[in-house]
Amino acid sequence: MNDSCASPSSVITNLPVRQNLSAAVSAAYAQGCTGAVIVLKVSDLTQINHWHGYEAGDRVIEAVMNRIEPYLSEGYFLSRLGGGHFLIFLRADQGEGVLENRVNHLMSGVSSPIDFGGEALLIRCTAGVSLLPNEAEVTDKLIRNAELALGSAKVGRYAFYTEALQENLASEAEIRSALVGALDRGEFFLVYQPQFCIKTRKAVAVEALLRWQSPSLGLVPPDRFIPVAESTGLMPELGDWILKTACGQASQWLMAGEPLRVAVNISAAQLEDPKFARRVQEILAECRLPSSWLELEVTESMLVGPIQDVQTALQEIRRAGVKLAIDDFGTGYSNLAYLQHFVFDTLKIDRLFTNAVLETRAGDVLVKAIIAMGMELGLEIVAEGVETEDQKGALEALGCSRMQGYLFSRPVTAEKIPLFQLSE
Ligand code: C2E
Ligand code: CA
Ligand code: CA
């Protein structure tokens with residue numbers, strides 16, 4: 001490597017973290033280098049500790065530490081901040097493009113699954129990055145900016161700090177108060193992302209995705225406001241609106257001779273309602289939508305723990321003809337035992353696996369195993385988050401023919417959906 005700024009890498013653990021970072025930042029400035037302060041967090045640590053025990057959590061932390069180390073030759077890894085957070089400093093003398101590439105590589109490098117007692121634990125790392133500006137900036141501010149960027153990043157992804165973020169990033173408290181009455185004021189809408197059958201080149205289903213246009217906060221991403229809606233008890237009512245709107249839309253497509261199955265994300269709060277199964281059937285009847293045109297997406301995390309009631313509700317819904325999908329399959333707490341208790345129609349391979357298929361051999365092997373297992377169980381397999389032709393080709397070669405992702409289409413409003421098909 002011919003990075004003239006590269007100095008012997010050092011893992012400094014015996015000095016206060018901020019002092020270390022200050023020293024590294026000053027050295028980078030003195031040598032005319034660019035640099036990035038990264039706050040990286042292991043996103044599912046609480047769940048991993050909860051479902052697999054603290055030993056599993058420790059193993060994940062250790063694996064992430066070990067995986068960060070190879071990047072030390074390109075700068076300094078500073079410290080573990082505790083609670084599954086790490087502070088990293090990368091530097092380069094070749095400008096921001098090179099640095100962004102390094103951040104990208106680091107994120108792919110830390111996120112592949114680890115083997116824990118024969119079970120694959122998927123690691124989702126999320127990071128916020130603040131790049132060094134031209135003038136020396138106080139270290140505390142760089143860390144704060146990276147943390148702010150972390151707050152805006154989707155789980156399993158990274159985001160760079162920008163000034164707009166400073167202005168736009170709503171605090172949880174602001175989100176909580178702006179959510180009051182938002183449903184009645186008509187601030188929510190749905191967008192739809194098609195799922196394609198690669199063989200027929202046609203859209204076979206769409207996933208309904210919730211959007212919130214808040215007059216005071218702007219367009220707030222669902223990853224930010226849905227957890228708040230869940231914790232404030234808004235989700236049963238909002239979930240009901242989502243189901244009604246999505247079923248109403250599917251019914252319109254059906255009547256227009258453009259039938260498409262609609263997949264709706266269900267939150268834990270909805271599933272916990274003992275009347276949920278009945279409510280789904282009422283909505284189907286109100287919308288005059290035959291049940292097989294609706295698919296409900298539930299995540300694995302809803303199926304662990306005390307599952308008797310959830311199992312009964314899902315079975316009733318499925319007996320009524322509604323399809324069931326496991327969403328985000330394999331993300332962190334997969335305990336395959338639940339597959340014996342639940343009957344599904346569709347398995348959605350999480351975007352992290354779609355990324356992993358080309359990245360590492362372990363990723364490729366894992367995706368192959370998931371597809372083989374899904375087929376064995378008679379499930380339809382959908383790969384999520386397909387962004388490149390290479391990923392599409394690799395997944396197709398592994399026998400997966402239903403796909404969803406930016407390569408084909410971003411989520412769009414309902415009127416853009418009919419007649420969606422892949423170009424030659
Ligand atoms: P999800 O259910 O896994 O939804 C897929 C997410 O991946 C969507 O993000 C979609 O826009 C994004 N996506 C699709 N293709 C690609 C791709 O090729 N690359 C990348 N990078 N991303 C892609 P979105 O709409 O921001 O939703 C995020 C999450 O919020 C959803 O994850 C889901 O957990 C939750 N959510 C969204 N709408 C609803 C809803 O109506 N109800 C509930 N309960 N949760 C929802
Ligand atoms: Ca989903
Ligand atoms: Ca998903």
# chains A, B, ... in the order shown; residues from 1 in each chain; ligands from 1
>>> residues_around(residues="range 220-231 of chain A", least_positions_apart="5", cutoff="12 Å", atoms="only C-alpha atoms", output="PyMOL selection string")
chain A and resi 150-157+168-183+187-191+209-215+236-239+265-270
>>> closest_atom_pairs(of="chain A", to="ligand 3", cutoff="12 Å", atoms="only C-alpha atoms and all ligand atoms", output="JSON lines")
{"residue": "A:Val155", "atom": "CA", "partner": "ligand 3", "partner_atom_place_in_ligand_line": "1 (Ca)", "distance": 11.3}
{"residue": "A:Gly156", "atom": "CA", "partner": "ligand 3", "partner_atom_place_in_ligand_line": "1 (Ca)", "distance": 11.8}
{"residue": "A:Gln193", "atom": "CA", "partner": "ligand 3", "partner_atom_place_in_ligand_line": "1 (Ca)", "distance": 11.7}
{"residue": "A:Glu207", "atom": "CA", "partner": "ligand 3", "partner_atom_place_in_ligand_line": "1 (Ca)", "distance": 9.7}
{"residue": "A:Ala208", "atom": "CA", "partner": "ligand 3", "partner_atom_place_in_ligand_line": "1 (Ca)", "distance": 11.5}
{"residue": "A:Leu209", "atom": "CA", "partner": "ligand 3", "partner_atom_place_in_ligand_line": "1 (Ca)", "distance": 10.5}
{"residue": "A:Asp223", "atom": "CA", "partner": "ligand 3", "partner_atom_place_in_ligand_line": "1 (Ca)", "distance": 11.7}
{"residue": "A:Ala263", "atom": "CA", "partner": "ligand 3", "partner_atom_place_in_ligand_line": "1 (Ca)", "distance": 11.0}
{"residue": "A:Val264", "atom": "CA", "partner": "ligand 3", "partner_atom_place_in_ligand_line": "1 (Ca)", "distance": 10.9}
{"residue": "A:Asn265", "atom": "CA", "partner": "ligand 3", "partner_atom_place_in_ligand_line": "1 (Ca)", "distance": 8.8}
{"residue": "A:Ile266", "atom": "CA", "partner": "ligand 3", "partner_atom_place_in_ligand_line": "1 (Ca)", "distance": 11.4}
{"residue": "A:Leu296", "atom": "CA", "partner": "ligand 3", "partner_atom_place_in_ligand_line": "1 (Ca)", "distance": 11.9}
{"residue": "A:Glu297", "atom": "CA", "partner": "ligand 3", "partner_atom_place_in_ligand_line": "1 (Ca)", "distance": 8.4}
{"residue": "A:Val298", "atom": "CA", "partner": "ligand 3", "partner_atom_place_in_ligand_line": "1 (Ca)", "distance": 9.1}
{"residue": "A:Thr299", "atom": "CA", "partner": "ligand 3", "partner_atom_place_in_ligand_line": "1 (Ca)", "distance": 8.0}
{"residue": "A:Glu300", "atom": "CA", "partner": "ligand 3", "partner_atom_place_in_ligand_line": "1 (Ca)", "distance": 10.6}
{"residue": "A:Ala325", "atom": "CA", "partner": "ligand 3", "partner_atom_place_in_ligand_line": "1 (Ca)", "distance": 10.0}
{"residue": "A:Ile326", "atom": "CA", "partner": "ligand 3", "partner_atom_place_in_ligand_line": "1 (Ca)", "distance": 8.6}
{"residue": "A:Asp327", "atom": "CA", "partner": "ligand 3", "partner_atom_place_in_ligand_line": "1 (Ca)", "distance": 4.9}
{"residue": "A:Asp328", "atom": "CA", "partner": "ligand 3", "partner_atom_place_in_ligand_line": "1 (Ca)", "distance": 4.2}
{"residue": "A:Phe329", "atom": "CA", "partner": "ligand 3", "partner_atom_place_in_ligand_line": "1 (Ca)", "distance": 7.7}
{"residue": "A:Gly330", "atom": "CA", "partner": "ligand 3", "partner_atom_place_in_ligand_line": "1 (Ca)", "distance": 10.4}
{"residue": "A:Thr331", "atom": "CA", "partner": "ligand 3", "partner_atom_place_in_ligand_line": "1 (Ca)", "distance": 9.6}
{"residue": "A:Thr346", "atom": "CA", "partner": "ligand 3", "partner_atom_place_in_ligand_line": "1 (Ca)", "distance": 12.0}
{"residue": "A:Leu347", "atom": "CA", "partner": "ligand 3", "partner_atom_place_in_ligand_line": "1 (Ca)", "distance": 9.9}
{"residue": "A:Lys348", "atom": "CA", "partner": "ligand 3", "partner_atom_place_in_ligand_line": "1 (Ca)", "distance": 6.7}
{"residue": "A:Ile349", "atom": "CA", "partner": "ligand 3", "partner_atom_place_in_ligand_line": "1 (Ca)", "distance": 7.5}
{"residue": "A:Asp350", "atom": "CA", "partner": "ligand 3", "partner_atom_place_in_ligand_line": "1 (Ca)", "distance": 5.6}
{"residue": "A:Arg351", "atom": "CA", "partner": "ligand 3", "partner_atom_place_in_ligand_line": "1 (Ca)", "distance": 7.1}
{"residue": "A:Leu352", "atom": "CA", "partner": "ligand 3", "partner_atom_place_in_ligand_line": "1 (Ca)", "distance": 9.7}
{"residue": "A:Phe353", "atom": "CA", "partner": "ligand 3", "partner_atom_place_in_ligand_line": "1 (Ca)", "distance": 11.1}
{"residue": "A:Thr354", "atom": "CA", "partner": "ligand 3", "partner_atom_place_in_ligand_line": "1 (Ca)", "distance": 11.2}
{"residue": "A:Val382", "atom": "CA", "partner": "ligand 3", "partner_atom_place_in_ligand_line": "1 (Ca)", "distance": 9.9}
{"residue": "A:Ala383", "atom": "CA", "partner": "ligand 3", "partner_atom_place_in_ligand_line": "1 (Ca)", "distance": 9.1}
{"residue": "A:Glu384", "atom": "CA", "partner": "ligand 3", "partner_atom_place_in_ligand_line": "1 (Ca)", "distance": 6.5}
{"residue": "A:Gly385", "atom": "CA", "partner": "ligand 3", "partner_atom_place_in_ligand_line": "1 (Ca)", "distance": 8.3}
{"residue": "A:Val386", "atom": "CA", "partner": "ligand 3", "partner_atom_place_in_ligand_line": "1 (Ca)", "distance": 11.7}
{"residue": "A:Met403", "atom": "CA", "partner": "ligand 3", "partner_atom_place_in_ligand_line": "1 (Ca)", "distance": 11.8}
{"residue": "A:Gln404", "atom": "CA", "partner": "ligand 3", "partner_atom_place_in_ligand_line": "1 (Ca)", "distance": 9.9}
{"residue": "A:Gly405", "atom": "CA", "partner": "ligand 3", "partner_atom_place_in_ligand_line": "1 (Ca)", "distance": 10.6}
>>> write_last_selection(atoms="N, CA and C atoms", output="tab-separated table (two decimals), in the first residue's frame")
chain	number	residue	atom	x	y	z
A	155	VAL	N	-30.82	0.41	9.95
A	155	VAL	CA	-30.17	-0.73	10.60
A	155	VAL	C	-29.38	-1.52	9.55
A	156	GLY	N	-28.11	-1.81	9.85
A	156	GLY	CA	-27.29	-2.59	8.94
A	156	GLY	C	-26.61	-1.75	7.86
A	193	GLN	N	-43.54	-1.58	-3.42
A	193	GLN	CA	-42.35	-2.03	-4.15
A	193	GLN	C	-42.63	-3.40	-4.78
A	207	GLU	N	-44.91	-5.10	-2.14
A	207	GLU	CA	-44.87	-4.91	-0.69
A	207	GLU	C	-45.30	-3.49	-0.38
A	208	ALA	N	-46.27	-3.37	0.52
A	208	ALA	CA	-46.73	-2.04	0.94
A	208	ALA	C	-45.77	-1.51	2.00
A	209	LEU	N	-45.30	-0.29	1.82
A	209	LEU	CA	-44.36	0.30	2.78
A	209	LEU	C	-44.89	1.66	3.24
A	223	ASP	N	-38.00	3.48	9.69
A	223	ASP	CA	-37.13	2.92	10.73
A	223	ASP	C	-37.05	3.84	11.95
A	263	ALA	N	-48.31	-7.49	-0.14
A	263	ALA	CA	-47.69	-7.97	1.09
A	263	ALA	C	-47.65	-6.84	2.09
A	264	VAL	N	-48.15	-7.07	3.29
A	264	VAL	CA	-48.25	-6.02	4.31
A	264	VAL	C	-47.41	-6.42	5.53
A	265	ASN	N	-46.59	-5.48	6.00
A	265	ASN	CA	-45.78	-5.72	7.20
A	265	ASN	C	-46.66	-5.60	8.44
A	266	ILE	N	-46.53	-6.57	9.31
A	266	ILE	CA	-47.34	-6.58	10.53
A	266	ILE	C	-46.41	-6.32	11.71
A	296	LEU	N	-49.21	-11.54	4.61
A	296	LEU	CA	-48.75	-10.81	5.79
A	296	LEU	C	-47.30	-11.15	6.05
A	297	GLU	N	-46.48	-10.12	6.27
A	297	GLU	CA	-45.06	-10.34	6.56
A	297	GLU	C	-44.83	-10.20	8.06
A	298	VAL	N	-44.32	-11.26	8.66
A	298	VAL	CA	-43.96	-11.17	10.08
A	298	VAL	C	-42.47	-11.47	10.20
A	299	THR	N	-41.83	-10.88	11.21
A	299	THR	CA	-40.39	-11.14	11.36
A	299	THR	C	-40.18	-12.24	12.38
A	300	GLU	N	-38.99	-12.82	12.29
A	300	GLU	CA	-38.67	-13.93	13.19
A	300	GLU	C	-38.79	-13.54	14.65
A	325	ALA	N	-45.66	-14.70	5.19
A	325	ALA	CA	-44.23	-14.64	4.83
A	325	ALA	C	-43.38	-14.40	6.08
A	326	ILE	N	-42.21	-15.02	6.14
A	326	ILE	CA	-41.23	-14.68	7.18
A	326	ILE	C	-40.33	-13.63	6.56
A	327	ASP	N	-40.28	-12.48	7.23
A	327	ASP	CA	-39.51	-11.34	6.73
A	327	ASP	C	-38.13	-11.33	7.36
A	328	ASP	N	-37.18	-10.68	6.73
A	328	ASP	CA	-35.83	-10.46	7.29
A	328	ASP	C	-35.21	-11.77	7.76
A	329	PHE	N	-35.43	-12.84	7.00
A	329	PHE	CA	-35.01	-14.15	7.48
A	329	PHE	C	-33.51	-14.19	7.79
A	330	GLY	N	-33.19	-14.69	8.98
A	330	GLY	CA	-31.79	-14.92	9.34
A	330	GLY	C	-31.10	-13.76	10.04
A	331	THR	N	-31.86	-12.72	10.41
A	331	THR	CA	-31.17	-11.54	10.96
A	331	THR	C	-30.95	-11.61	12.47
A	346	THR	N	-44.03	-18.11	2.29
A	346	THR	CA	-42.93	-17.38	1.65
A	346	THR	C	-41.82	-17.12	2.66
A	347	LEU	N	-40.60	-17.19	2.19
A	347	LEU	CA	-39.45	-16.84	3.03
A	347	LEU	C	-38.71	-15.70	2.34
A	348	LYS	N	-38.57	-14.59	3.04
A	348	LYS	CA	-37.88	-13.45	2.44
A	348	LYS	C	-36.45	-13.39	2.95
A	349	ILE	N	-35.52	-13.57	2.04
A	349	ILE	CA	-34.10	-13.53	2.41
A	349	ILE	C	-33.70	-12.09	2.65
A	350	ASP	N	-33.19	-11.80	3.81
A	350	ASP	CA	-32.85	-10.41	4.15
A	350	ASP	C	-31.78	-9.85	3.22
A	351	ARG	N	-31.85	-8.53	3.08
A	351	ARG	CA	-30.92	-7.78	2.24
A	351	ARG	C	-29.45	-8.04	2.61
A	352	LEU	N	-29.19	-8.31	3.86
A	352	LEU	CA	-27.81	-8.58	4.28
A	352	LEU	C	-27.26	-9.83	3.61
A	353	PHE	N	-28.12	-10.84	3.44
A	353	PHE	CA	-27.68	-12.07	2.77
A	353	PHE	C	-27.50	-11.82	1.28
A	354	THR	N	-28.43	-11.01	0.74
A	354	THR	CA	-28.30	-10.67	-0.68
A	354	THR	C	-26.95	-10.01	-0.92
A	382	VAL	N	-38.14	-15.28	-1.68
A	382	VAL	CA	-37.98	-13.95	-2.26
A	382	VAL	C	-36.68	-13.35	-1.73
A	383	ALA	N	-35.83	-12.89	-2.62
A	383	ALA	CA	-34.60	-12.22	-2.16
A	383	ALA	C	-34.89	-10.72	-2.12
A	384	GLU	N	-34.55	-10.11	-1.00
A	384	GLU	CA	-34.79	-8.67	-0.83
A	384	GLU	C	-33.54	-7.87	-1.11
A	385	GLY	N	-33.71	-6.61	-1.43
A	385	GLY	CA	-32.56	-5.70	-1.51
A	385	GLY	C	-31.60	-6.01	-2.65
A	386	VAL	N	-32.13	-6.53	-3.77
A	386	VAL	CA	-31.26	-6.82	-4.90
A	386	VAL	C	-30.93	-5.51	-5.61
A	403	MET	N	-37.60	-11.83	-6.80
A	403	MET	CA	-36.69	-10.83	-6.26
A	403	MET	C	-37.34	-9.46	-6.13
A	404	GLN	N	-36.79	-8.69	-5.20
A	404	GLN	CA	-37.29	-7.34	-4.90
A	404	GLN	C	-36.06	-6.49	-4.64
A	405	GLY	N	-36.04	-5.28	-5.15
A	405	GLY	CA	-34.87	-4.44	-4.85
A	405	GLY	C	-34.74	-3.28	-5.81
>>> select_by_dssp(residues="range 75-187 of chain A", states="strand (DSSP E)", output="ChimeraX atom specification")
/A:75-82,85-92,114-116,119-121,125-131,158-160
>>> atom_distance(atom1="atom 1 (Ca, counted along the ligand's line) of ligand 2", atom2="CA of Ile242 in chain A")
13.1 Å
>>> select_by_dssp(residues="range 40-149 of chain A", states="helix (DSSP H, G or I)", output="VMD selection string")
chain A and resid 45 to 52 54 to 74 96 to 110 139 to 149
>>> closest_residue(among="A:Val206, A:Ile48, A:Val60, A:Leu165", to="ligand 2", atoms="only C-alpha atoms and all ligand atoms")
A:Val206
>>> atom_distance(atom1="atom 28 (C, counted along the ligand's line) of ligand 1", atom2="CA of Trp51 in chain A")
23.1 Å
>>> residues_around(residues="Ile68 in chain A", least_positions_apart="4", cutoff="9 Å", atoms="only C-alpha atoms", output="CSV table (one decimal) with N, CA and C atoms, in the first residue's frame")
chain,number,residue,atom,x,y,z
A,63,ALA,N,-15.9,-10.9,17.7
A,63,ALA,CA,-15.7,-11.0,16.3
A,63,ALA,C,-15.7,-9.7,15.6
A,64,VAL,N,-16.5,-8.7,16.0
A,64,VAL,CA,-16.5,-7.4,15.4
A,64,VAL,C,-15.1,-6.7,15.6
A,72,LEU,N,-6.8,-1.5,10.4
A,72,LEU,CA,-5.9,-0.6,11.2
A,72,LEU,C,-4.8,-0.1,10.4
A,77,PHE,N,-7.6,2.3,14.9
A,77,PHE,CA,-8.9,1.9,15.6
A,77,PHE,C,-8.7,2.4,17.0
A,88,ILE,N,-14.0,4.4,15.8
A,88,ILE,CA,-13.0,4.1,14.8
A,88,ILE,C,-12.5,5.4,14.1
A,106,LEU,N,-15.0,-1.7,5.2
A,106,LEU,CA,-15.1,-2.0,6.6
A,106,LEU,C,-16.4,-2.5,7.0
A,109,GLY,N,-17.0,-5.9,5.7
A,109,GLY,CA,-16.1,-6.8,6.4
A,109,GLY,C,-16.6,-7.2,7.8
A,110,VAL,N,-17.3,-6.3,8.5
A,110,VAL,CA,-17.7,-6.6,9.9
A,110,VAL,C,-19.0,-7.4,9.9
